[in-house]
Each structure stands twice: as structure tokens, then as C-alpha cells.
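Containing TSV, C-alpha atoms: start.tsv.
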chain	number	residue	atom	x	y	z
A	1	MET	CA	-159.26	40.75	-135.80
A	2	ALA	CA	-156.15	38.68	-135.00
A	3	GLY	CA	-154.01	41.23	-136.82
A	4	VAL	CA	-155.51	44.06	-134.81
A	5	ASP	CA	-154.93	42.18	-131.55
A	6	ARG	CA	-151.32	41.48	-132.49
A	7	LYS	CA	-150.70	45.11	-133.39
A	8	ARG	CA	-152.10	46.15	-130.02
A	9	ARG	CA	-149.90	43.63	-128.18
A	10	ASP	CA	-146.85	44.86	-130.08
A	11	GLY	CA	-147.74	48.41	-129.10
A	12	GLU	CA	-148.05	47.43	-125.46
A	13	ASN	CA	-144.61	45.83	-125.59
A	14	VAL	CA	-143.22	49.08	-127.00
A	15	ILE	CA	-144.81	51.03	-124.14
A	16	LEU	CA	-142.87	48.90	-121.65
A	17	LYS	CA	-139.69	49.26	-123.70
A	18	ILE	CA	-140.04	53.06	-123.75
A	19	TYR	CA	-140.39	53.11	-119.98
A	20	THR	CA	-137.14	51.16	-119.62
A	21	LEU	CA	-135.33	53.45	-122.07
A	22	LEU	CA	-136.50	56.64	-120.37
A	23	LEU	CA	-135.67	55.36	-116.91
A	24	GLY	CA	-132.19	54.42	-118.10
A	25	GLU	CA	-131.72	57.87	-119.63
A	26	TYR	CA	-133.05	60.10	-116.86
A	27	GLY	CA	-133.20	57.97	-113.72
A	28	SER	CA	-135.90	58.10	-111.06
A	29	GLN	CA	-137.70	61.46	-110.90
A	30	ARG	CA	-139.02	61.07	-107.30
A	31	TRP	CA	-142.37	62.66	-108.04
A	32	TRP	CA	-144.60	64.32	-106.71
A	33	PRO	CA	-142.60	67.16	-105.08
A	34	VAL	CA	-143.89	68.00	-101.59
A	35	THR	CA	-142.87	70.38	-98.83
A	36	PRO	CA	-140.90	68.71	-96.02
A	37	ARG	CA	-142.10	69.26	-92.46
A	38	GLY	CA	-141.02	72.74	-91.36
A	39	GLY	CA	-140.08	73.78	-94.90
A	40	LEU	CA	-141.59	76.21	-97.40
A	41	ARG	CA	-140.69	74.87	-100.83
A	42	PRO	CA	-141.73	71.55	-102.41
A	43	GLU	CA	-138.88	69.08	-102.93
A	44	TYR	CA	-138.53	65.94	-105.06
A	45	SER	CA	-138.33	63.49	-102.17
A	46	GLY	CA	-140.39	60.55	-103.42
A	47	GLY	CA	-143.94	61.72	-102.90
A	48	PRO	CA	-146.26	62.34	-99.93
A	49	VAL	CA	-145.98	60.42	-96.67
A	50	ASP	CA	-148.75	62.02	-94.57
A	51	ASP	CA	-152.13	63.73	-94.96
A	52	ARG	CA	-150.62	67.21	-95.06
A	53	GLN	CA	-148.42	66.30	-98.01
A	54	ARG	CA	-151.24	64.39	-99.72
A	55	HIS	CA	-153.40	67.51	-99.53
A	56	GLU	CA	-150.52	69.55	-100.96
A	57	VAL	CA	-150.38	67.19	-103.96
A	58	CYS	CA	-154.13	67.66	-104.45
A	59	TYR	CA	-153.75	71.43	-104.47
A	60	GLY	CA	-150.65	71.28	-106.63
A	61	ALA	CA	-152.64	69.44	-109.28
A	62	ILE	CA	-154.99	72.44	-109.45
A	63	LEU	CA	-152.27	75.09	-109.25
A	64	THR	CA	-150.23	73.60	-112.10
A	65	GLN	CA	-153.14	73.75	-114.56
A	66	ASN	CA	-152.16	75.83	-117.62
A	67	THR	CA	-148.85	76.88	-116.11
A	68	SER	CA	-145.38	75.58	-115.28
A	69	TRP	CA	-144.52	73.73	-112.09
A	70	LYS	CA	-142.16	76.61	-111.25
A	71	ASN	CA	-145.14	78.96	-110.99
A	72	ALA	CA	-147.28	76.42	-109.13
A	73	SER	CA	-144.44	75.81	-106.69
A	74	ALA	CA	-144.15	79.55	-106.03
A	75	ALA	CA	-147.86	79.60	-105.14
A	76	ILE	CA	-147.34	76.70	-102.72
A	77	VAL	CA	-144.47	78.56	-101.06
A	78	ASN	CA	-146.84	81.47	-100.47
A	79	MET	CA	-149.51	79.13	-99.09
A	80	ASN	CA	-146.96	77.65	-96.71
A	81	ARG	CA	-145.93	81.11	-95.54
A	82	GLU	CA	-149.57	82.01	-94.89
A	83	GLY	CA	-150.31	78.66	-93.25
A	84	ILE	CA	-153.18	77.82	-95.59
A	85	LEU	CA	-152.45	74.38	-97.01
A	86	ASP	CA	-154.98	72.36	-94.98
A	87	PRO	CA	-158.56	71.97	-96.27
A	88	GLU	CA	-160.06	73.64	-93.19
A	89	ASP	CA	-157.73	76.64	-93.51
A	90	ILE	CA	-158.46	77.06	-97.22
A	91	LEU	CA	-162.20	76.99	-96.61
A	92	SER	CA	-161.98	79.56	-93.83
A	93	VAL	CA	-159.62	82.03	-95.53
A	94	ASP	CA	-161.07	84.98	-97.45
A	95	LEU	CA	-161.36	84.19	-101.17
A	96	ASP	CA	-159.55	87.36	-102.23
A	97	LYS	CA	-156.68	86.64	-99.84
A	98	LEU	CA	-156.39	83.10	-101.18
A	99	ALA	CA	-156.36	84.39	-104.75
A	100	THR	CA	-153.62	86.90	-103.90
A	101	THR	CA	-151.59	84.20	-102.19
A	102	ILE	CA	-151.60	81.92	-105.23
A	103	ARG	CA	-151.12	84.73	-107.74
A	104	PRO	CA	-147.80	83.31	-109.15
A	105	CYS	CA	-149.62	80.32	-110.68
A	106	GLY	CA	-151.83	82.41	-112.98
A	107	TYR	CA	-155.62	82.24	-113.32
A	108	TYR	CA	-155.52	82.80	-109.57
A	109	ASN	CA	-159.11	83.98	-109.14
A	110	SER	CA	-160.61	80.88	-110.73
A	111	LYS	CA	-158.05	78.58	-109.11
A	112	ALA	CA	-158.87	80.01	-105.68
A	113	VAL	CA	-162.49	78.95	-106.21
A	114	LYS	CA	-161.33	75.51	-107.33
A	115	LEU	CA	-159.14	75.13	-104.23
A	116	LYS	CA	-162.10	75.88	-101.99
A	117	GLU	CA	-164.33	73.42	-103.84
A	118	LEU	CA	-161.66	70.72	-103.64
A	119	SER	CA	-161.14	71.43	-99.93
A	120	ARG	CA	-164.85	71.01	-99.30
A	121	TYR	CA	-164.76	67.70	-101.15
A	122	LEU	CA	-161.75	66.45	-99.16
A	123	ILE	CA	-163.46	67.30	-95.87
A	124	GLU	CA	-166.82	65.79	-96.78
A	125	ASN	CA	-165.51	62.55	-98.31
A	126	ARG	CA	-163.56	60.00	-96.30
A	127	GLY	CA	-162.43	58.14	-99.41
A	128	VAL	CA	-161.50	59.85	-102.67
A	129	LYS	CA	-163.24	58.20	-105.62
A	130	ARG	CA	-162.69	59.08	-109.27
A	131	GLU	CA	-166.39	59.33	-110.16
A	132	THR	CA	-167.09	61.81	-107.34
A	133	LEU	CA	-163.80	63.69	-107.71
A	134	LEU	CA	-164.65	64.43	-111.35
A	135	LYS	CA	-167.76	66.28	-110.17
A	136	VAL	CA	-165.68	68.86	-108.30
A	137	LYS	CA	-165.42	72.23	-110.04
A	138	GLY	CA	-162.16	72.49	-111.97
A	139	VAL	CA	-161.24	68.80	-111.73
A	140	GLY	CA	-161.02	67.14	-115.14
A	141	PRO	CA	-159.67	63.66	-115.91
A	142	GLU	CA	-155.98	64.65	-115.97
A	143	THR	CA	-156.22	66.54	-112.68
A	144	ALA	CA	-158.29	63.79	-111.07
A	145	ASP	CA	-155.85	61.08	-112.10
A	146	SER	CA	-152.88	63.15	-110.89
A	147	ILE	CA	-154.55	63.45	-107.49
A	148	LEU	CA	-155.53	59.79	-107.33
A	149	LEU	CA	-152.14	58.49	-108.45
A	150	TYR	CA	-149.70	60.82	-106.72
A	151	ALA	CA	-151.63	61.66	-103.55
A	152	PHE	CA	-153.37	58.35	-102.87
A	153	GLY	CA	-151.49	55.70	-104.86
A	154	GLU	CA	-154.53	54.69	-106.92
A	155	LEU	CA	-154.02	52.87	-110.22
A	156	PHE	CA	-154.85	55.59	-112.74
A	157	PHE	CA	-152.33	56.50	-115.44
A	158	VAL	CA	-152.06	60.24	-116.07
A	159	VAL	CA	-152.38	61.34	-119.70
A	160	ASP	CA	-151.30	64.84	-120.66
A	161	ALA	CA	-150.21	66.78	-123.74
A	162	TYR	CA	-146.67	65.43	-123.34
A	163	THR	CA	-147.98	61.86	-123.46
A	164	ARG	CA	-149.87	62.56	-126.67
A	165	ARG	CA	-146.86	64.28	-128.24
A	166	ILE	CA	-144.33	61.55	-127.54
A	167	PHE	CA	-146.53	58.57	-128.28
A	168	SER	CA	-148.05	60.01	-131.43
A	169	ARG	CA	-144.50	60.51	-132.71
A	170	THR	CA	-143.78	56.85	-132.05
A	171	GLY	CA	-146.98	55.93	-133.88
A	172	LEU	CA	-148.59	54.15	-130.91
A	173	ILE	CA	-151.46	56.66	-130.90
A	174	ASP	CA	-152.53	59.35	-133.32
A	175	GLY	CA	-152.87	61.93	-130.54
A	176	ARG	CA	-156.55	62.63	-131.09
A	177	GLU	CA	-158.02	59.75	-129.12
A	178	ALA	CA	-160.31	60.35	-126.15
A	179	TYR	CA	-158.55	60.72	-122.81
A	180	GLU	CA	-160.07	57.53	-121.40
A	181	SER	CA	-159.00	55.51	-124.42
A	182	VAL	CA	-155.34	56.48	-124.04
A	183	ARG	CA	-155.42	56.00	-120.26
A	184	LYS	CA	-156.80	52.47	-120.55
A	185	TYR	CA	-154.30	51.64	-123.31
A	186	PHE	CA	-151.42	52.40	-120.95
A	187	GLU	CA	-153.02	50.71	-117.98
A	188	HIS	CA	-153.55	47.53	-119.99
A	189	ALA	CA	-149.92	47.57	-121.17
A	190	LEU	CA	-148.33	48.13	-117.77
A	191	PRO	CA	-148.16	46.04	-114.60
A	192	PRO	CA	-150.65	47.28	-111.97
A	193	ASP	CA	-148.08	49.24	-109.98
A	194	ALA	CA	-148.81	52.80	-108.83
A	195	SER	CA	-145.12	53.54	-108.34
A	196	LEU	CA	-144.41	52.54	-111.93
A	197	TYR	CA	-147.34	54.62	-113.22
A	198	GLY	CA	-146.08	57.66	-111.34
A	199	GLU	CA	-142.49	57.19	-112.44
A	200	TYR	CA	-143.50	56.67	-116.06
A	201	HIS	CA	-145.57	59.83	-116.24
A	202	ALA	CA	-142.76	61.81	-114.61
A	203	LEU	CA	-140.29	60.43	-117.17
A	204	ILE	CA	-142.63	61.37	-120.02
A	205	VAL	CA	-142.71	64.95	-118.74
A	206	GLU	CA	-138.92	65.04	-118.36
A	207	HIS	CA	-138.35	63.70	-121.88
A	208	ALA	CA	-140.83	66.12	-123.43
A	209	ARG	CA	-139.24	69.09	-121.70
A	210	ARG	CA	-135.65	68.14	-122.47
A	211	ARG	CA	-135.76	66.49	-125.90
A	212	CYS	CA	-139.17	65.86	-127.44
A	213	LEU	CA	-140.01	69.55	-127.75
A	214	ARG	CA	-143.22	70.62	-129.44
A	215	ARG	CA	-141.74	72.62	-132.32
A	216	THR	CA	-138.06	71.72	-132.59
A	217	PRO	CA	-137.40	68.32	-131.00
A	218	LEU	CA	-133.78	67.47	-130.22
A	219	CYS	CA	-133.58	64.13	-131.99
A	220	VAL	CA	-129.80	63.63	-131.93
A	221	ASP	CA	-128.93	61.04	-129.27
A	222	CYS	CA	-132.59	60.74	-128.27
A	223	PRO	CA	-133.10	57.44	-126.39
A	224	LEU	CA	-136.29	56.81	-128.38
A	225	ILE	CA	-134.92	57.62	-131.84
A	226	SER	CA	-135.15	54.02	-133.07
A	227	LEU	CA	-138.86	53.98	-132.21
A	228	CYS	CA	-139.75	57.42	-133.53
A	229	ARG	CA	-141.97	57.45	-136.61
A	230	ARG	CA	-141.36	61.16	-137.02
A	231	VAL	CA	-137.65	60.54	-137.61
A	232	MET	CA	-138.20	57.50	-139.84
A	233	GLU	CA	-140.62	59.42	-142.09
A	234	ARG	CA	-138.20	62.24	-142.82
The structure given in the file should be rewritten as C-alpha cells.
Amino acid sequence: MAGVDRKRRDGENVILKIYTLLLGEYGSQRWWPVTPRGGLRPEYSGGPVDDRQRHEVCYGAILTQNTSWKNASAAIVNMNREGILDPEDILSVDLDKLATTIRPCGYYNSKAVKLKELSRYLIENRGVKRETLLKVKGVGPETADSILLYAFGELFFVVDAYTRRIFSRTGLIDGREAYESVRKYFEHALPPDASLYGEYHALIVEHARRRCLRRTPLCVDCPLISLCRRVMER
């Protein structure tokens, strides 16, 4: 048991080290991108500062499901043009019109339904709670934690496919663990700081997109090369 506990502690130390290495390599990512007042397009400005931007983060978490942020952002631009980014407006707009508006993000018919369900939830609930948010149609753990962390500053670490890819290659996880297990592993390893959680997840995404690619990772000069089991096992 002592050996298992020590291995876990060592792993948690590596998690903190990886954060430092990624931050040094890529710098602050200023997530989540939101539309400035009077603008149309989301910008990386450090996250939401008012209810309008917090709602935009909530909707962005739905729109980016199974697609790139570029496509989700294009859908938000359309929503800004149509003036339908508030919960009340989304609930009142015709479903077909909403679907057409968000067409760039893909799966637009089902996502339009999800946006309406999420809008109803935001209107009916003064405080957003994880256990109730997970009951909303189309909101799974990753989406819920993205909303809670980036829109409301709640202490939930976001786990996605990029997280599993990078940290299975370092040997800290095998990549097949349950979502909640990986989330709690990170939360136990990190200081309880929502800004750090958000920055870390953003850095994981940046590293996975730029270097730790799914099929042909670019290992030369990778900041994590000394920690990568994939490289050491070659």
C-alpha cells in the first residue's frame, strides 16, 4: 500500500511539473474566448466578465462538441449577428432558425435542441450545480465541467481526449480510466485554483494540437520529451 501511495504522489508531482513546462513553452492561453461588448467574434481576452459572456461560454461548450473551435466560433458569430445569445432569446427563437444559425458547428439540429434545453436550465436555476447540470440534455461530464470551470469559476478539472492522449503517453494514466477517476486525480494533484485549472486544460489542448498529435506526434524539441514513456519505449 505504501508503494502505491508513493507512486501516486510521484505522479501528482509530475502533473505539476508538466503544467510548469507547458506554461513555459506556450505562455498563458487566456481561455475561454468570449465576444467583447459590441463585437461579433469571440476573442481570447481572459474569460467572461459578465452574465452575457458567461452564457456565451455555456453555449460554446455545446457548440464545440465533436467539432473544432473554429466551427463553433463561426456559429457564435452568427448567433451574435441574429441577437440570440441570451437564454430568453434562444428559448423564444424558432428551432429551425436556431439550427440554421448554428449550422457551421455541425450536428446543428441536435445542438439547437441542446441549446434550448440549456437555456431553460439557466433561466430556471439561480445557481448552476454539477449534479443538476448533468441532467440537461446533451450535457455530459466534459461539457458540464467546461461550463462550471470557464463560465462560473468552479473547481472542476476538464478531462478530454487530449488529456488522455498526453498523460497516457507519459504513463500517468492508461487512458481507459473512467472520466471521474481522471478528473479527481488531477484535482488532488493541483492546488484548488480555478484559474490554474483553466490554464492547465488550455495548455493541454494547445500542446496536443501543436506537438502531441494523435498519429504522428512531433517529438523533437517537445517540452515533455524527458517524461514521455512513448519516446523512452522506442
### Task
Would you kindly return, as a PyMOL selection string, each protein, DNA or RNA residue with an atom no farther than 7 Å from any atom of range 134-145 of chain A, considering all atoms listed in the file and excluding same-chain residues fewer than 6 positions away?
chain A and resi 61-62+114+117-118+156-160
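CA of Ser45 in chain A is positioned 12.7 Å from CA of Val57 in chain A.
Considering only C-alpha atoms, the residue among A:Phe167, A:Tyr197, A:Tyr179, A:Tyr59 positioned nearest to Val14 in chain A is A:Phe167.
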### Message
Under the rule that all atoms listed in the file are counted, which of A:Ala72, A:Leu22, A:Cys228, A:Cys58 is the nearest residue to Leu172 in chain A?
### Response
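Checking each of A:Ala72, A:Leu22, A:Cys228, A:Cys58 against Leu172 in chain A, counting all atoms listed in the file, the winner is A:Cys228.
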### Task
Do a neighbour search on range 78-91 of chain A at 9 Å with only C-alpha atoms, toss out local chain neighbours closer than 3 positions, and write the hits as a list of chain:residue names.
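Neighbouring residues, sequence-local ones excluded: A:Thr35, A:Gly39, A:Leu40, A:Arg41, A:Arg52, A:His55, A:Glu56, A:Tyr59, A:Ser73, A:Ala74, A:Ala75, A:Asp94, A:Leu95, A:Leu98, A:Thr101, A:Ile102, A:Pro104, A:Ala112, A:Leu115, A:Lys116, A:Glu117, A:Leu118, A:Ser119, A:Arg120, A:Tyr121, A:Leu122, A:Ile123.
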#### Entry: range 214-220 of chain A environment, 10 Å, all atoms listed in the file, sequence neighbours closer than 2 positions dropped, as a list in words
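Returned residues: Ala161, Tyr162, Arg165, Ile166, Ala208, Arg209, Arg210, Arg211, Cys212, Cys222, Pro223, Leu224, Ile225, Cys228, Arg230 and Val231 of chain A.
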### Selected residue, from A:Val128, A:Ala202, A:Ala194, A:Ile147, that lies nearest to Tyr26 in chain A when counting all atoms listed in the file
A:Ala202
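Rounded to one decimal, CA of Leu23 in chain A and CA of Tyr200 in chain A lie 8.0 Å from each other.
Comparing the minimum interatomic distances between His201 in chain A and each of A:Ser68, A:Ser168, A:Thr100, A:Ser28, counting all atoms listed in the file, we find that A:Ser28 sits nearest.
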### Task
Please return, as a PyMOL selection string, all polymer residues that have at least one atom within 12 Å of the point (-151.8, 53.0, -104.0); use all atoms listed in the file and the file's own coordinate frame.
chain A and resi 47-49+128+147-157+192-198
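Counting only C-alpha atoms and comparing A:His207, A:Leu227, A:Arg126, A:Ser110, the residue that lies closest to Glu25 in chain A is A:His207.
For the residues A:Thr163, A:Ala99, A:Gly27, A:Pro36, ranking by smallest atom-to-atom distance to Ile204 in chain A using only C-alpha atoms places A:Thr163 first.
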